[in-house]
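In what follows, a structure is listed as C-alpha cells, so that the remarks can point back to it.
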Amino acid sequence: MEESSISNRRDFLKKTAFAGAGILAFNAIPNEALAKTEMVKITILHTNDVHSHIDPFPDNDPKYAGLGGVLRRAAVIKKIRNEEKNVLLLDAGDVFQGTPYFNMYGGELELKLMSMMQYDASTIGNHDFDNGLEGLVKQLPNANFPFISANYDFTDTPMAGKTIPHKIFIKEGIKIGVFGVGIELDGLVDKKNYGNTRYADPLIKAAEASHFLKFEQKCDLIICLSHLGYKYENKKISDVILAKESKNIDIILGAHTHTFLDTPISYKNSDEKEVLVAQVGWAGIRLGRVDYIFEKKSKKKAVEGYSIKILNKSIAI
Amino acid sequence: MRTTPIIYIASFCLILATVCCSTAPKIIKVETTMVVLNSNSTPNADSALIKTVQPFKLKMDSIMNEVIGFSEHELLKGLPESSLGDFVSDAVLKKTNDKYIPTDKSVADICLLNNGGLRNQLPKGAITLGNVFELMPFENTVVVLTLSGEKTKLLFESLVENNGAPFSGAIIKTKGKKITELKIGGQDFDINKTYKIVTSDYLAAGGDKYLFFNAPLKIETLNYKLRDAIIDYIKDETAKGNTIKAQTDGRIKYQ
C-alpha cells in the first residue's frame, strides 16, 4: 500500500515526460528564484558500491561499455560545486574490491581520489573488510573524511576509535545530521576478516541516532548512509524495512544490492511521514543527486532528486 | 567553441515539494528533465586527479592487460543457469581435479559456487588477466568437501529452492521446486554414497548461508585460488589452440 503514491507519481511522470523532453536544464529550481524567496538549497551527491572502479568500463564490456570512471565523476562533481553553494558528497560503502586496483594497492588509490573529490563521509560496506580489519586500518590515513557507522562496534579490534557514529554538517544555518548503518557480517564476511567487530541491530541504532540528531541536536535534515541493501524477498533488514520502521530519517542513501533507482523512492515511515530511499547502482556508473530546498523561517522543505548517468565518451582530458 | 558533443549526461529529475508546515516533504509537483551535457557544458577533468591515477594505472595495466585467451561469446551472469556460471564452475572443477591428489583415489564430483561471487561478466573476444580479476576479485581458495549422500541431497534441494547457482558435474530436472531427476557425473544420484564437492573456502565457512556445508565428513584445503583456477583453465585452452565456447547446456531445467 505504501507504494500507491509512488505509482501515482510514476503515472504522472509518464504524462509529463513528453512535455519535459525538450527542456534542457540542470536545475529545475533556478538559484535566482531561491534568493528571492530566502530559501536555502542543500545539494546531496551520493555514490555507493563503487568497488574500486577507477577507470570507465572498457568498450567491450557486455553490460556497461564506456560507463563510469572517477575522472569523469570528479569533473561532474566539480561542476556542481561551482554551481551550488551547499554540496554534501557522501558514499554508502563498498569502496573496495572489484578491480585489480584493489588487488594490487589495497584501496589506497580509491581513498586518495575520494579525498581529492572532497567526499564528506562514507559508511562501511561488507567488502571494505576484504583485506581484514588491518587492511582497512592501513588504508584509513589515505581518507581525509570520516567513516560513519552507528551499528558496528569496533571496540575490541584494530579499528577501535577510527569510526564515528554520526556527524553534523551546518550549511547556511541548516543543520544536517548524517549517521551510518552496516549489514550483518555473519554469513556474509569471512569471520577472519571482521574479527571481533560486533554488529548491533541497525533498526535500533538508526532509531537512536536519528532521535538524537533530531531532538537533541535539532538537525533540520537527517541522512542515513546505509549498506543494508534496498530490499529482499525475505525479512532481512533492508532500506525499505528501515524506512517503514523509522521515525526521524529524511533520506536513506543506500547500497549493497547494486540497485539502480532512477529517482529516490518514497516510503511512509511509522508516523506516516515520507522517507526517501536512494541508490545509484554500482561501480560509479551514476552519481546520485538530491536537492533539498529549505525555506529558512518556516522550515518548509522541498526536495528534488535525480540520478546522473555517467555515460559514454569521456570528457576531453 | 567545440561543436562535437563529448559527454552526454542523462538525468531524470523529480521535484517533490512540500505544502504544509510539517517537516515531512509532500509531493505537489513531479517534473522530468533530460539533461544533455555537451562540449559546451562539460568541465575538464582535474589534472591533479589524472596525475594521481597515472602511476597506479600504468603499473596495473602493464600486468593486467595481458591477453590470456579468446571467447566466442559474451559470458553473462544469470539464474537458474548462465553461460558465465557454467564456464566458471566447469573451469574450477576441471582445474581442481588437475591439482587435487586424493588419498582415496576418487576425484571431485561437483563444483558449487555462488552467483553473487561472480563479480563481473566476460566480454566476447580477447580475455585479459584484468577481466578475470574483475570476475573473481576475491582471494578465496579452493576447498574439496566430502559430503554424505544426505547432505548432498540437501545441497541440491537448496540449490533448486533458491533458483539455481553456478554448478558443474551434475544434471538436474525438476517439477516446480521438486527434483525429479538428479545425475552426478552421469550416474543416478545415490543417497548411500558420499560425494566430493569443490567450492571456495568462503562458502565452506558458511558464506552465503550454504548450510549444507556445515560439518562435512572431510574438508581438504588446496593452496589454490579460485581466480587462479579460472586463469589456468583459460591459459590451458589457449595453449591447446582453443577459444572459449561456453554456452548454457541445460544442466538445470525447471518444469
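Just remember, in the C-alpha cells the first chain shown is A, the second B, etc., residues are 1-based per chain, and ligands are 1-based in the order shown.
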Can you tell me, as an MDAnalysis selection string, what residues are no more than 10 Å from range 202-216 of chain B when counting only C-alpha atoms, ignoring any on the same chain fewer than 5 positions away? (chainID A and resid 185:191) or (chainID B and resid 112:117 138:148 150:156 158:159 196:197)
DSSP strand (DSSP E) residues within range 41-93 of chain B, listed as a PyMOL selection string: chain B and resi 67-71
Mind listing the alpha helix (DSSP H) residues of range 14-239 of chain B, per DSSP on the backbone, as number ranges by chain? B: 47-64, 83-99, 129-135, 149-161, 201-204, 226-239
Output C-alpha atoms for every residue in the selection just made, as an mmCIF file, in the first residue's frame.
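Generated output (selection20.cif):
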data_model
loop_
_atom_site.group_PDB
_atom_site.id
_atom_site.type_symbol
_atom_site.label_atom_id
_atom_site.label_comp_id
_atom_site.auth_asym_id
_atom_site.auth_seq_id
_atom_site.Cartn_x
_atom_site.Cartn_y
_atom_site.Cartn_z
ATOM 1 C CA SER B 47 44.773 17.343 -13.835
ATOM 2 C CA ALA B 48 45.705 16.641 -10.208
ATOM 3 C CA LEU B 49 43.483 13.569 -10.301
ATOM 4 C CA ILE B 50 44.943 12.415 -13.599
ATOM 5 C CA LYS B 51 48.428 12.743 -12.155
ATOM 6 C CA THR B 52 47.413 10.775 -9.080
ATOM 7 C CA VAL B 53 45.880 7.939 -11.056
ATOM 8 C CA GLN B 54 48.589 7.615 -13.688
ATOM 9 C CA PRO B 55 51.399 5.772 -11.869
ATOM 10 C CA PHE B 56 48.925 3.324 -10.330
ATOM 11 C CA LYS B 57 47.259 2.730 -13.679
ATOM 12 C CA LEU B 58 50.451 2.293 -15.690
ATOM 13 C CA LYS B 59 51.813 -0.326 -13.337
ATOM 14 C CA MET B 60 48.464 -2.109 -13.146
ATOM 15 C CA ASP B 61 47.845 -2.096 -16.895
ATOM 16 C CA SER B 62 51.313 -3.463 -17.618
ATOM 17 C CA ILE B 63 50.305 -6.584 -15.709
ATOM 18 C CA MET B 64 46.552 -6.775 -16.203
ATOM 19 C CA SER B 83 26.989 -19.178 -19.648
ATOM 20 C CA LEU B 84 29.281 -17.498 -17.126
ATOM 21 C CA GLY B 85 28.147 -19.726 -14.251
ATOM 22 C CA ASP B 86 28.631 -22.864 -16.347
ATOM 23 C CA PHE B 87 32.019 -21.699 -17.578
ATOM 24 C CA VAL B 88 33.422 -20.752 -14.179
ATOM 25 C CA SER B 89 32.172 -23.851 -12.367
ATOM 26 C CA ASP B 90 33.396 -26.149 -15.179
ATOM 27 C CA ALA B 91 36.789 -24.431 -15.134
ATOM 28 C CA VAL B 92 37.156 -24.667 -11.358
ATOM 29 C CA LEU B 93 36.103 -28.346 -11.285
ATOM 30 C CA LYS B 94 38.487 -29.241 -14.113
ATOM 31 C CA LYS B 95 41.489 -27.369 -12.705
ATOM 32 C CA THR B 96 40.849 -28.613 -9.171
ATOM 33 C CA ASN B 97 40.888 -32.202 -10.362
ATOM 34 C CA ASP B 98 44.115 -31.472 -12.263
ATOM 35 C CA LYS B 99 45.747 -30.376 -8.991
ATOM 36 C CA LEU B 129 44.063 -11.103 -16.898
ATOM 37 C CA GLY B 130 42.266 -7.982 -15.639
ATOM 38 C CA ASN B 131 38.916 -9.337 -16.880
ATOM 39 C CA VAL B 132 39.380 -12.407 -14.688
ATOM 40 C CA PHE B 133 40.406 -10.284 -11.698
ATOM 41 C CA GLU B 134 37.163 -8.347 -12.080
ATOM 42 C CA LEU B 135 35.159 -11.548 -12.481
ATOM 43 C CA GLY B 149 24.557 -38.564 0.427
ATOM 44 C CA GLU B 150 22.049 -36.960 2.777
ATOM 45 C CA LYS B 151 23.918 -33.624 2.830
ATOM 46 C CA THR B 152 24.433 -33.787 -0.945
ATOM 47 C CA LYS B 153 20.693 -34.212 -1.363
ATOM 48 C CA LEU B 154 20.184 -31.175 0.852
ATOM 49 C CA LEU B 155 22.628 -29.232 -1.307
ATOM 50 C CA PHE B 156 20.668 -29.891 -4.496
ATOM 51 C CA GLU B 157 17.306 -29.277 -2.826
ATOM 52 C CA SER B 158 18.580 -25.949 -1.585
ATOM 53 C CA LEU B 159 20.035 -25.101 -4.994
ATOM 54 C CA VAL B 160 16.691 -25.801 -6.690
ATOM 55 C CA GLU B 161 14.759 -23.974 -3.983
ATOM 56 C CA ASP B 201 36.787 -21.518 1.465
ATOM 57 C CA TYR B 202 34.342 -18.620 1.863
ATOM 58 C CA LEU B 203 31.279 -20.738 1.069
ATOM 59 C CA ALA B 204 32.615 -23.712 3.027
ATOM 60 C CA LEU B 226 39.638 -19.783 -7.344
ATOM 61 C CA ARG B 227 40.803 -16.975 -9.607
ATOM 62 C CA ASP B 228 43.991 -18.848 -10.486
ATOM 63 C CA ALA B 229 41.926 -21.900 -11.407
ATOM 64 C CA ILE B 230 39.957 -19.786 -13.895
ATOM 65 C CA ILE B 231 43.120 -18.153 -15.258
ATOM 66 C CA ASP B 232 44.871 -21.515 -15.624
ATOM 67 C CA TYR B 233 41.859 -23.025 -17.389
ATOM 68 C CA ILE B 234 41.736 -20.207 -19.938
ATOM 69 C CA LYS B 235 45.507 -20.389 -20.473
ATOM 70 C CA ASP B 236 45.292 -24.181 -20.979
ATOM 71 C CA GLU B 237 42.618 -23.749 -23.635
ATOM 72 C CA THR B 238 44.670 -21.070 -25.378
ATOM 73 C CA ALA B 239 47.776 -23.273 -25.291
#
If you count only C-alpha atoms, the residue of A:Phe179, A:Ile44, A:Tyr64, A:Ala121 closest to Tyr306 in chain A turns out to be A:Ile44
Gap from CA of Gly93 in chain A to CA of Gly68 in chain A - Å, one decimal: 16.9 Å
With only C-alpha atoms as the basis for distance, which of B:Glu220, B:Asp109, B:Asp190, B:Glu81 is at the shortest distance from Asn162 in chain B? B:Glu81
Quick one: everything within 6 Å of Ile172 in chain B, counting only C-alpha atoms, minus sequence neighbours fewer than 3 positions away in the same chain. Send it as a compact mmCIF listing (two decimals) with N, CA and C atoms, in the first residue's frame.
# COMPACT_ATOMS: atom_id res chain seq x y z
N GLU B 181 14.83 -35.63 -11.32
CA GLU B 181 15.96 -36.42 -11.81
C GLU B 181 17.26 -35.73 -11.41
N LEU B 182 18.19 -36.50 -10.87
CA LEU B 182 19.48 -35.93 -10.48
C LEU B 182 20.59 -36.90 -10.87
N ILE B 252 20.44 -27.47 -15.59
CA ILE B 252 19.32 -27.40 -14.65
C ILE B 252 18.08 -26.96 -15.42
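Closest approach to chain B from the set A:Leu228, A:Leu213, A:Ala74, A:Ala278 is made by A:Ala74, with distances taken over only C-alpha atoms.
Summary of the local environment: counting only C-alpha atoms, residues at most 8 Å from range 232-240 of chain A, other than itself and those fewer than 2 positions away along its chain, are A:Ser226, A:Leu228, A:Gly229, A:Tyr230, A:Leu242, A:Ala243, A:Lys244, A:Ile252, A:Gly254, A:Tyr267, A:Val277.
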Excluding Thr163 in chain A and any residue of its chain fewer than 5 positions from it, enumerate the residues within 12 Å of it, using only C-alpha atoms, and give them as JSON, numbers by chain. {"A": [121, 122, 123, 124, 136, 137, 140, 143, 145, 146, 147, 148, 149, 150, 151, 152, 153, 154, 155, 157, 158, 179, 180, 181]}
Out of A:Lys171, A:Lys231, A:His211, A:Arg289, which residue has the shortest atom-to-atom distance to chain B when counting only C-alpha atoms? A:Arg289
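We find CA of Asp61 in chain A and CA of Asn120 in chain B to be spaced 9.3 Å apart.
Among B:Lys240, B:Thr199, B:Cys111, B:Asn163, the residue with the shortest atom-to-atom distance to Thr221 in chain B, counting only C-alpha atoms, is B:Thr199.
Coordinates place CA of Glu184 in chain A at a distance of 26.0 Å from CA of Leu287 in chain A.
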